[in-house]
file protein-v2.txt (compact mmCIF, C-alpha atoms)
# COMPACT_ATOMS: atom_id res chain seq x y z
CA MET A 1252 -2.96 -1.68 -6.36
CA GLY A 1253 -1.14 0.29 -9.05
CA VAL A 1254 -0.05 3.86 -8.28
CA VAL A 1255 -0.77 6.90 -10.43
CA ASN A 1256 0.86 9.99 -8.93
CA VAL A 1257 -0.64 13.09 -10.52
CA THR A 1258 2.06 15.24 -8.94
CA PRO A 1259 5.18 17.06 -10.15
CA ASP A 1260 7.25 16.07 -7.12
CA SER A 1261 6.73 12.38 -6.36
CA PHE A 1262 9.81 10.68 -4.91
CA SER A 1263 9.33 7.71 -7.23
CA ASP A 1264 8.57 9.07 -10.69
CA GLY A 1265 9.29 12.79 -10.62
CA GLY A 1266 6.10 13.97 -12.28
CA ARG A 1267 5.99 11.61 -15.26
CA TRP A 1268 2.19 11.32 -14.99
CA PHE A 1269 1.37 14.92 -14.04
CA ASP A 1270 -0.53 15.52 -17.29
CA THR A 1271 -4.11 14.17 -17.20
CA THR A 1272 -3.87 12.35 -20.52
CA ASN A 1273 -0.61 10.67 -19.54
CA ALA A 1274 -1.99 9.79 -16.11
CA VAL A 1275 -5.06 8.07 -17.57
CA LYS A 1276 -2.92 6.25 -20.13
CA HIS A 1277 -0.58 5.08 -17.36
CA GLY A 1278 -3.48 3.86 -15.24
CA LEU A 1279 -4.74 1.76 -18.14
CA GLU A 1280 -1.22 0.38 -18.65
CA LEU A 1281 -1.11 -0.67 -14.98
CA ILE A 1282 -4.39 -2.54 -15.39
CA ALA A 1283 -3.00 -4.27 -18.49
CA GLN A 1284 0.04 -5.31 -16.42
CA GLY A 1285 -2.14 -6.98 -13.80
CA ALA A 1286 -3.33 -4.31 -11.37
CA ASP A 1287 -6.73 -4.98 -9.81
CA LEU A 1288 -7.27 -1.33 -8.93
CA VAL A 1289 -5.52 2.00 -9.49
CA ASP A 1290 -4.72 4.44 -6.68
CA VAL A 1291 -4.88 8.05 -7.90
CA GLY A 1292 -3.27 10.76 -5.80
CA GLY A 1293 -2.64 14.45 -6.38
CA GLU A 1294 -0.51 15.29 -3.35
CA SER A 1295 2.95 13.98 -2.56
CA THR A 1296 3.34 12.60 0.97
CA ARG A 1297 7.11 12.13 0.82
CA PRO A 1298 9.09 13.52 3.78
CA GLY A 1299 9.52 17.26 3.40
CA ALA A 1300 6.80 17.67 0.78
CA THR A 1301 4.74 20.88 0.95
CA ARG A 1302 0.98 20.42 0.85
CA VAL A 1303 -0.92 21.65 -2.20
CA ASP A 1304 -4.14 23.59 -1.76
CA GLU A 1305 -7.56 22.05 -2.18
CA ALA A 1306 -8.28 23.58 -5.58
CA GLU A 1307 -5.03 22.31 -7.05
CA GLU A 1308 -5.53 18.80 -5.69
CA LEU A 1309 -9.03 18.66 -7.16
CA LYS A 1310 -7.73 19.95 -10.50
CA ARG A 1311 -5.15 17.17 -10.60
CA VAL A 1312 -7.23 14.25 -9.35
CA ILE A 1313 -10.82 14.50 -10.56
CA PRO A 1314 -10.19 14.47 -14.35
CA VAL A 1315 -7.97 11.40 -13.97
CA VAL A 1316 -10.54 9.59 -11.83
CA ARG A 1317 -13.27 10.45 -14.31
CA GLY A 1318 -11.15 9.31 -17.26
CA LEU A 1319 -10.21 5.97 -15.71
CA ALA A 1320 -13.74 5.34 -14.46
CA SER A 1321 -15.06 5.81 -17.98
CA GLU A 1322 -12.79 2.92 -19.00
CA GLY A 1323 -14.19 0.65 -16.28
CA VAL A 1324 -11.15 0.85 -14.00
CA THR A 1325 -11.61 0.21 -10.26
CA ILE A 1326 -10.19 3.32 -8.59
CA SER A 1327 -9.07 4.28 -5.13
CA VAL A 1328 -8.36 7.92 -4.37
CA ASP A 1329 -5.29 8.74 -2.30
CA THR A 1330 -6.22 11.89 -0.39
CA MET A 1331 -6.35 13.41 3.08
CA ARG A 1332 -9.10 15.89 2.15
CA ALA A 1333 -12.79 15.12 2.59
CA SER A 1334 -13.75 17.37 -0.34
CA VAL A 1335 -11.41 15.54 -2.70
CA ALA A 1336 -12.65 12.16 -1.48
CA GLU A 1337 -16.29 13.23 -1.92
CA GLN A 1338 -15.79 14.52 -5.47
CA ALA A 1339 -13.61 11.57 -6.45
CA LEU A 1340 -16.27 9.11 -5.25
CA ALA A 1341 -18.87 11.04 -7.24
CA ALA A 1342 -16.57 10.86 -10.30
CA GLY A 1343 -16.24 7.09 -10.11
CA ALA A 1344 -13.73 6.15 -7.40
CA VAL A 1345 -14.87 3.31 -5.12
CA LEU A 1346 -12.34 3.37 -2.26
CA VAL A 1347 -10.66 6.09 -0.19
CA ASN A 1348 -7.01 5.66 0.77
CA ASP A 1349 -6.23 8.26 3.43
CA VAL A 1350 -2.67 8.13 4.78
CA SER A 1351 -3.85 10.05 7.85
CA GLY A 1352 -6.66 7.59 8.60
CA GLY A 1353 -9.09 10.50 8.80
CA LEU A 1354 -7.00 12.59 11.19
CA ALA A 1355 -5.97 15.32 8.73
CA ASP A 1356 -9.54 16.37 7.91
CA PRO A 1357 -12.35 15.97 10.47
CA GLY A 1358 -14.89 15.73 7.68
CA MET A 1359 -13.35 12.66 6.04
CA ILE A 1360 -15.06 9.98 8.14
CA ARG A 1361 -18.53 11.41 7.54
CA VAL A 1362 -17.94 11.60 3.77
CA VAL A 1363 -16.77 7.99 3.56
CA ALA A 1364 -19.49 6.73 5.90
CA ASP A 1365 -22.20 8.48 3.89
CA ALA A 1366 -20.86 6.98 0.66
CA GLY A 1367 -20.52 3.48 2.15
CA ALA A 1368 -17.09 3.24 0.55
CA PRO A 1369 -14.19 1.12 1.79
CA PHE A 1370 -11.63 3.15 3.73
CA VAL A 1371 -7.91 2.55 4.25
CA VAL A 1372 -6.80 3.48 7.77
CA MET A 1373 -3.05 4.00 7.78
CA HIS A 1374 -0.82 4.33 10.84
CA TRP A 1375 0.03 8.03 10.96
CA ARG A 1376 1.75 10.28 13.46
CA GLY A 1377 1.47 13.56 11.61
CA PHE A 1378 2.58 15.42 8.51
CA LEU A 1379 6.15 14.82 7.34
CA GLU A 1380 6.92 18.39 6.27
CA GLY A 1381 9.51 18.59 9.02
CA GLY A 1382 11.08 15.21 8.29
CA ASN A 1383 10.52 11.89 10.04
CA ILE A 1384 8.00 13.00 12.69
CA ARG A 1385 7.88 11.12 16.02
CA GLY A 1386 9.69 8.09 14.65
CA VAL A 1387 10.66 6.82 18.10
CA TYR A 1388 9.40 3.43 19.30
CA GLY A 1389 10.14 1.06 22.13
CA ASP A 1390 8.39 -1.84 20.42
CA VAL A 1391 7.36 -0.69 16.95
CA VAL A 1392 5.11 -3.67 16.16
CA THR A 1393 3.12 -3.42 19.39
CA GLU A 1394 2.87 0.37 19.24
CA VAL A 1395 1.79 0.49 15.60
CA ALA A 1396 -0.78 -2.28 16.17
CA ASP A 1397 -2.14 -0.52 19.27
CA GLU A 1398 -2.32 2.88 17.56
CA LEU A 1399 -4.00 1.36 14.50
CA ARG A 1400 -6.53 -0.40 16.73
CA ALA A 1401 -7.35 2.87 18.46
CA ARG A 1402 -7.78 4.64 15.13
CA VAL A 1403 -9.99 1.84 13.80
CA ASP A 1404 -12.20 2.18 16.87
CA ALA A 1405 -12.52 5.92 16.26
CA VAL A 1406 -13.40 5.39 12.60
CA LEU A 1407 -16.04 2.83 13.54
CA GLU A 1408 -17.54 5.27 16.02
CA GLY A 1409 -17.66 7.81 13.19
CA GLY A 1410 -20.01 5.59 11.23
CA ILE A 1411 -17.89 3.63 8.77
CA ALA A 1412 -18.96 -0.02 8.73
CA GLU A 1413 -16.54 -2.58 10.11
CA ASP A 1414 -16.52 -4.59 6.88
CA ARG A 1415 -15.48 -1.45 4.97
CA LEU A 1416 -12.15 -1.00 6.77
CA ILE A 1417 -8.65 -1.83 5.52
CA VAL A 1418 -5.54 -1.20 7.62
CA ASP A 1419 -2.06 -0.11 6.52
CA PRO A 1420 1.00 -0.04 8.83
CA GLY A 1421 2.30 3.12 7.14
CA LEU A 1422 5.74 1.92 6.09
CA GLY A 1423 8.11 4.87 5.86
CA PHE A 1424 5.79 7.26 7.69
CA SER A 1425 7.49 8.29 10.93
CA LYS A 1426 9.52 5.08 10.69
CA ASP A 1427 13.12 4.19 9.97
CA ALA A 1428 14.28 1.18 7.95
CA GLU A 1429 14.51 -1.10 10.98
CA HIS A 1430 10.93 -0.20 11.93
CA ASP A 1431 9.62 -1.01 8.45
CA LEU A 1432 11.44 -4.35 8.37
CA ALA A 1433 10.17 -5.29 11.83
CA LEU A 1434 6.58 -4.57 10.77
CA LEU A 1435 6.95 -6.69 7.63
CA ALA A 1436 8.43 -9.49 9.71
CA ARG A 1437 5.31 -9.50 11.93
CA ILE A 1438 2.47 -9.14 9.47
CA ASP A 1439 0.65 -11.71 11.57
CA ARG A 1440 0.33 -9.14 14.38
CA LEU A 1441 -1.22 -6.65 11.98
CA LEU A 1442 -3.61 -9.23 10.55
CA ALA A 1443 -4.72 -9.94 14.13
CA LEU A 1444 -6.45 -6.56 14.05
CA GLY A 1445 -9.13 -8.38 12.08
CA HIS A 1446 -9.18 -6.28 8.91
CA PRO A 1447 -7.72 -6.67 5.41
CA LEU A 1448 -4.13 -5.43 5.26
CA LEU A 1449 -2.65 -3.13 2.63
CA VAL A 1450 1.17 -3.19 2.32
CA ALA A 1451 2.67 -0.12 0.63
CA ALA A 1452 6.41 -0.76 0.43
CA SER A 1453 7.03 0.20 -3.19
CA ARG A 1454 10.40 1.88 -3.82
CA LYS A 1455 10.55 3.22 -0.26
CA ARG A 1456 13.61 4.35 1.67
CA PHE A 1457 13.99 1.17 3.69
CA LEU A 1458 14.44 -0.81 0.47
CA GLY A 1459 17.10 1.67 -0.60
CA ARG A 1460 18.84 1.07 2.71
CA VAL A 1461 18.71 -2.71 2.25
CA LEU A 1462 20.09 -2.42 -1.29
CA ALA A 1463 22.74 0.20 -0.53
CA GLY A 1464 26.21 -0.34 -1.93
CA PRO A 1465 29.43 -0.68 0.11
CA ASP A 1466 29.61 3.10 0.51
CA GLY A 1467 26.07 3.22 1.89
CA THR A 1468 24.56 4.93 -1.16
CA PRO A 1469 21.05 3.63 -1.91
CA PRO A 1470 19.97 3.00 -5.49
CA PRO A 1471 17.51 5.46 -7.04
CA ALA A 1472 13.84 4.82 -6.30
CA ARG A 1473 13.13 3.46 -9.78
CA GLU A 1474 15.81 0.78 -9.31
CA ARG A 1475 14.01 -0.78 -6.33
CA ASP A 1476 11.24 -2.62 -8.21
CA ALA A 1477 12.79 -6.09 -7.86
CA ALA A 1478 13.08 -5.53 -4.12
CA THR A 1479 9.47 -4.30 -4.09
CA ALA A 1480 8.38 -7.51 -5.83
CA ALA A 1481 10.14 -9.54 -3.14
CA VAL A 1482 8.11 -7.73 -0.47
CA SER A 1483 4.96 -8.28 -2.54
CA ALA A 1484 5.55 -12.04 -2.64
CA LEU A 1485 6.22 -12.21 1.10
CA ALA A 1486 3.19 -10.05 1.89
CA ALA A 1487 0.95 -12.24 -0.26
CA GLN A 1488 2.33 -15.36 1.40
CA ALA A 1489 1.63 -13.85 4.83
CA GLY A 1490 -1.99 -13.06 3.94
CA ALA A 1491 -2.05 -9.38 2.98
CA TRP A 1492 -5.12 -8.14 1.11
CA ALA A 1493 -3.19 -6.02 -1.41
CA VAL A 1494 0.15 -4.43 -2.18
CA ARG A 1495 0.45 -0.87 -3.46
CA VAL A 1496 3.16 -0.64 -6.14
CA HIS A 1497 4.46 1.71 -8.82
CA GLU A 1498 5.61 -1.01 -11.24
CA VAL A 1499 2.85 -3.59 -11.42
CA ARG A 1500 4.09 -6.47 -13.56
CA PRO A 1501 6.97 -7.69 -11.33
CA SER A 1502 4.75 -7.64 -8.23
CA ALA A 1503 1.77 -9.20 -10.02
CA ASP A 1504 4.04 -12.04 -11.16
CA ALA A 1505 5.51 -12.41 -7.67
CA VAL A 1506 2.05 -12.61 -6.10
CA ARG A 1507 0.94 -15.22 -8.64
CA VAL A 1508 3.97 -17.38 -7.81
CA ALA A 1509 3.33 -16.99 -4.07
CA HIS A 1510 -0.28 -18.13 -4.53
CA ALA A 1511 0.75 -21.05 -6.75
CA ILE A 1512 3.19 -22.27 -4.11
CA ALA A 1513 0.54 -21.89 -1.39
CA GLN A 1514 -1.91 -23.93 -3.45
CA ALA A 1515 0.71 -26.61 -4.08
CA ARG A 1516 1.40 -26.78 -0.36
CA THR A 1517 -2.25 -27.40 0.48
CA SER A 1518 -2.86 -29.90 -2.34
CA ALA A 1519 0.39 -31.92 -2.13
CA PRO A 1520 -0.11 -35.53 -0.91
CA ALA A 1521 1.59 -36.61 2.28
CA PRO A 1522 4.97 -38.30 1.60
CA SER A 1523 4.98 -42.09 1.76
CA ALA A 1524 7.13 -43.90 4.28
CA THR A 1525 9.51 -44.92 1.50
CA LEU A 1526 9.91 -41.35 0.29
CA ALA A 1527 10.28 -40.03 3.79
CA HIS A 1528 12.82 -42.53 5.08
CA GLY A 1529 14.20 -44.39 2.08
CA ALA A 1530 13.84 -48.11 1.49
CA ASP A 1531 17.25 -48.79 2.97
CA GLY A 1532 17.96 -45.54 4.76
CA ALA A 1533 20.24 -44.30 1.97
CA GLU A 1534 18.00 -43.88 -1.08
CA GLY A 1535 15.75 -41.39 0.67
CA ALA A 1536 18.70 -39.25 1.69
CA ARG A 1537 19.73 -38.44 -1.86
call {"tool": "encode", "arguments": {"input": "protein-v2.txt", "output": "structure tokens"}}
result
Amino acid sequence: MGVVNVTPDSFSDGGRWFDTTNAVKHGLELIAQGADLVDVGGESTRPGATRVDEAEELKRVIPVVRGLASEGVTISVDTMRASVAEQALAAGAVLVNDVSGGLADPGMIRVVADAGAPFVVMHWRGFLEGGNIRGVYGDVVTEVADELRARVDAVLEGGIAEDRLIVDPGLGFSKDAEHDLALLARIDRLLALGHPLLVAASRKRFLGRVLAGPDGTPPPARERDAATAAVSALAAQAGAWAVRVHEVRPSADAVRVAHAIAQARTSAPAPSATLAHGADGAEGAR
């Protein structure tokens, strides 16, 4: 899943794709680099970001969705507003990626259910305008899994079909670096929820913390793509459905290598006794 931020204040690209023409061109470039779908969003969800109004979000998102759809691109719309989701689906988007899991706008679930579109349910504890909201956990993996399960149940009750749901642990949302790493280390617990898993680690703060220099200064967001690709490979190996990334080619390559290794593992013949133990106990040890 390649990211197109149609915003002037994204943490990762600082408004490089704010213009509609540039945003559509960038989306096509991401497809050429190996993206299977493009996630178009018109509202920054970084910590401290101020929400834009509905009219402005529609003005940013809909022309880009329409332009990419006309080129045959598979599009997800990254929005917390039911009206934006509804108009984006009408303009050609096929999936709704709501970081609030339908909590920010009570009308979202009905819109998605009526459209029969797939819906990403992310773990969310509230808007981040005041910083890292409620980022306190006793056991982050258990609590995130339990809260996601409860939200999935609510979404199902709202009418979205079970086979239309995708879950996302919400890396970086009300979570510190150690929380994000713990969740990535236990992807199996998230897969046990029984739905496809989206991993959105691209360029996030926890990667900056991992890559920080001796003085603790993290590298800029755009210098975290190699680390993002490492997460993409591990997520693919663990069974994730998709990874959401800003720079597609490194992650697409990493995922291809992960799949090739997995295929080699399943197709490799069992070692012979000679290979396993060595004809004389020494040859096989080399």
call {"tool": "residues_around", "arguments": {"input": "protein-v2.txt", "residues": "range 1415-1430 of chain A", "least_positions_apart": "6", "cutoff": "7 Å", "atoms": "only C-alpha atoms", "output": "list in words"}}
result
Ala1368, Pro1369, Phe1370, Val1371, Val1372, Met1373, His1374, Trp1375, Arg1376, Asn1383, Ile1384, Arg1385, Gly1386, Val1391, Val1395, His1446, Pro1447, Leu1448, Leu1449, Val1450, Ala1451, Ala1452, Lys1455, Arg1456, Phe1457 and Arg1460 of chain A
call {"tool": "closest_residue", "arguments": {"input": "protein-v2.txt", "among": "A:Ala1489, A:Ile1438, A:Leu1444, A:Ala1405", "to": "Pro1357 in chain A", "atoms": "all atoms listed in the file"}}
result
A:Ala1405
call {"tool": "residues_around", "arguments": {"input": "protein-v2.txt", "residues": "Leu1346 in chain A", "least_positions_apart": "4", "cutoff": "10 Å", "atoms": "all atoms listed in the file", "output": "PDB file with C-alpha atoms, keeping the file's coordinate frame"}}
result
ATOM      1  CA  LEU A1288      -7.270  -1.330  -8.930  1.00  0.00           C
ATOM      2  CA  ASP A1290      -4.720   4.440  -6.680  1.00  0.00           C
ATOM      3  CA  THR A1325     -11.610   0.210 -10.260  1.00  0.00           C
ATOM      4  CA  ILE A1326     -10.190   3.320  -8.590  1.00  0.00           C
ATOM      5  CA  SER A1327      -9.070   4.280  -5.130  1.00  0.00           C
ATOM      6  CA  VAL A1328      -8.360   7.920  -4.370  1.00  0.00           C
ATOM      7  CA  ASP A1329      -5.290   8.740  -2.300  1.00  0.00           C
ATOM      8  CA  ALA A1336     -12.650  12.160  -1.480  1.00  0.00           C
ATOM      9  CA  ALA A1339     -13.610  11.570  -6.450  1.00  0.00           C
ATOM     10  CA  LEU A1340     -16.270   9.110  -5.250  1.00  0.00           C
ATOM     11  CA  VAL A1363     -16.770   7.990   3.560  1.00  0.00           C
ATOM     12  CA  ALA A1366     -20.860   6.980   0.660  1.00  0.00           C
ATOM     13  CA  GLY A1367     -20.520   3.480   2.150  1.00  0.00           C
ATOM     14  CA  ALA A1368     -17.090   3.240   0.550  1.00  0.00           C
ATOM     15  CA  PRO A1369     -14.190   1.120   1.790  1.00  0.00           C
ATOM     16  CA  PHE A1370     -11.630   3.150   3.730  1.00  0.00           C
ATOM     17  CA  VAL A1371      -7.910   2.550   4.250  1.00  0.00           C
ATOM     18  CA  ARG A1415     -15.480  -1.450   4.970  1.00  0.00           C
TER      19      ARG A1415
END
call {"tool": "atom_distance", "arguments": {"input": "protein-v2.txt", "atom1": "CA of Val1496 in chain A", "atom2": "CA of Ala1513 in chain A"}}
result
21.9 Å
call {"tool": "atom_distance", "arguments": {"input": "protein-v2.txt", "atom1": "CA of Ala1341 in chain A", "atom2": "CA of Ile1313 in chain A"}}
result
9.4 Å
call {"tool": "closest_residue", "arguments": {"input": "protein-v2.txt", "among": "A:Ala1505, A:Val1303, A:Val1324, A:Val1482", "to": "Asp1431 in chain A", "atoms": "only C-alpha atoms"}}
result
A:Val1482
call {"tool": "atom_distance", "arguments": {"input": "protein-v2.txt", "atom1": "CA of Glu1413 in chain A", "atom2": "CA of Val1362 in chain A"}}
result
15.6 Å
call {"tool": "residues_around", "arguments": {"input": "protein-v2.txt", "residues": "range 1408-1411 of chain A", "least_positions_apart": "5", "cutoff": "7 Å", "atoms": "only C-alpha atoms", "output": "PyMOL selection string"}}
result
chain A and resi 1360-1361+1363-1364
call {"tool": "closest_residue", "arguments": {"input": "protein-v2.txt", "among": "A:Thr1479, A:Glu1498, A:Gln1338, A:Gln1488", "to": "Ala1511 in chain A", "atoms": "all atoms listed in the file"}}
result
A:Gln1488
call {"tool": "closest_residue", "arguments": {"input": "protein-v2.txt", "among": "A:Val1387, A:Gly1352, A:Ser1321, A:Asp1304", "to": "Asp1404 in chain A", "atoms": "only C-alpha atoms"}}
result
A:Gly1352
call {"tool": "axis_aligned_box", "arguments": {"input": "protein-v2.txt", "around": "range 1281-1291 of chain A", "padding_each_side": "4 Å", "output": "JSON"}}
result
{"center_x": -3.6, "center_y": 0.5, "center_z": -12.6, "size_x": 15.3, "size_y": 23.0, "size_z": 19.8}
call {"tool": "closest_residue", "arguments": {"input": "protein-v2.txt", "among": "A:Val1403, A:Val1275, A:Val1347, A:Val1335", "to": "Gly1445 in chain A", "atoms": "only C-alpha atoms"}}
result
A:Val1403
call {"tool": "closest_residue", "arguments": {"input": "protein-v2.txt", "among": "A:Thr1271, A:Ser1334, A:Gln1284, A:Ser1295", "to": "Asp1504 in chain A", "atoms": "only C-alpha atoms"}}
result
A:Gln1284
call {"tool": "residues_near_point", "arguments": {"input": "protein-v2.txt", "point": "(11.6, 0.3, -10.4)", "cutoff": "8 Å", "atoms": "all atoms listed in the file", "output": "PyMOL selection string"}}
result
chain A and resi 1454+1472-1477+1497-1498
call {"tool": "write_last_selection", "arguments": {"input": "protein-v2.txt", "atoms": "C-alpha atoms", "output": "CSV table (one decimal), keeping the file's coordinate frame"}}
result
chain,number,residue,atom,x,y,z
A,1454,ARG,CA,10.4,1.9,-3.8
A,1472,ALA,CA,13.8,4.8,-6.3
A,1473,ARG,CA,13.1,3.5,-9.8
A,1474,GLU,CA,15.8,0.8,-9.3
A,1475,ARG,CA,14.0,-0.8,-6.3
A,1476,ASP,CA,11.2,-2.6,-8.2
A,1477,ALA,CA,12.8,-6.1,-7.9
A,1497,HIS,CA,4.5,1.7,-8.8
A,1498,GLU,CA,5.6,-1.0,-11.2
call {"tool": "residues_around", "arguments": {"input": "protein-v2.txt", "residues": "Thr1272 in chain A", "least_positions_apart": "5", "cutoff": "9 Å", "atoms": "only C-alpha atoms", "output": "VMD selection string"}}
result
chain A and resid 1277 1315 1318
